[in-house]
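Structure first, then comments.
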Amino acid sequence: MALGTLGYSLDGLHHVLLPIPPGAEDICREFWGGILGMTELEKPPALAARGGCWFGGGGLEVHLGVEEDFRPNRKAHPGILVTSLPALAKRLEGHGVTVTWDDNLPGHTRFHAFDKLGNRLEFLEPTTVRASSL
């Protein structure tokens with residue numbers, strides 16, 4: 001987005017934060033690192049002391065932050081763009097993750113799944129090229 005009359009521009013999304021319960025970092029490593037194949041990122045020392053873990057891959061960062069009174073995001077979710085969506089669905093299902101296909105977003109093939117802690121995730125792949133209005 002070019003600088004306009006507002007004097008600033010929105011340049012992209014740096015990361016998405018999902019909640020996790022205390023002590024769930026290894027579960028996150030299994031799902032985000034092991035199953036999805038993302039790379040664990042080193043947290044700055046001041047933030048590492050809080051627990052949780054960060055992952056990156058494909059221009060996406062997912063930060064998993066500890067919440068003492070953890071409740072998974074059942075509705076709010078990241079929408080993660082994927083190339084070869086059926087291959088990801090097969091991989092997730094092969095690891096016991098339920099994939100729920102949804103054809104209600106024109107121009108995209110998509111499904112919803114839940115991470116190992118119950119956070120809702122959306123994975124989608126464009127089926128048509130559209131002019132960006134962003």
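Scheme for the structure tokens: letters A, B, ... for chains in order shown; per-chain residue numbers from 1; ligand numbers from 1 in order shown.
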
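For region 19-26 of chain A, the residues within 7 Å (counting only C-alpha atoms, excluding itself and residues fewer than 2 positions away along the chain) are Leu17, Cys28, Arg29, Glu30, Gly52, Cys53, Leu64, Gly65, Val66, Glu67, Glu68, Phe70 and Pro72 of chain A.
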
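Of the residues listed (A:Gly96, A:Pro126, A:Gly59, A:Gly107), A:Pro126 shows the shortest atom-to-atom separation from Thr83 (chain A); distances use only C-alpha atoms.
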
Distance query Asn73 (chain A) at most 8 Å, only C-alpha atoms, self and fewer than 5 positions along chain excluded, as a PyMOL selection string: chain A and resi 18-19+118-120

Quick one: write out the picked residues with N, CA and C atoms as a short mmCIF file (atom, residue, chain, number, x, y, z; two decimals), in the first residue's frame?
```cif
data_model
loop_
_atom_site.label_atom_id
_atom_site.label_comp_id
_atom_site.auth_asym_id
_atom_site.auth_seq_id
_atom_site.Cartn_x
_atom_site.Cartn_y
_atom_site.Cartn_z
N LEU A 18 -1.43 -17.25 18.62
CA LEU A 18 -2.44 -18.20 19.07
C LEU A 18 -2.14 -18.56 20.52
N PRO A 19 -3.18 -18.78 21.32
CA PRO A 19 -2.96 -19.12 22.73
C PRO A 19 -2.60 -20.59 22.91
N GLY A 118 -6.55 -27.43 20.00
CA GLY A 118 -7.93 -27.03 19.76
C GLY A 118 -8.11 -25.67 19.13
N ASN A 119 -7.02 -25.00 18.71
CA ASN A 119 -7.14 -23.72 18.01
C ASN A 119 -7.57 -23.96 16.57
N ARG A 120 -8.56 -23.20 16.12
CA ARG A 120 -9.06 -23.33 14.75
C ARG A 120 -8.07 -22.71 13.77
#
```
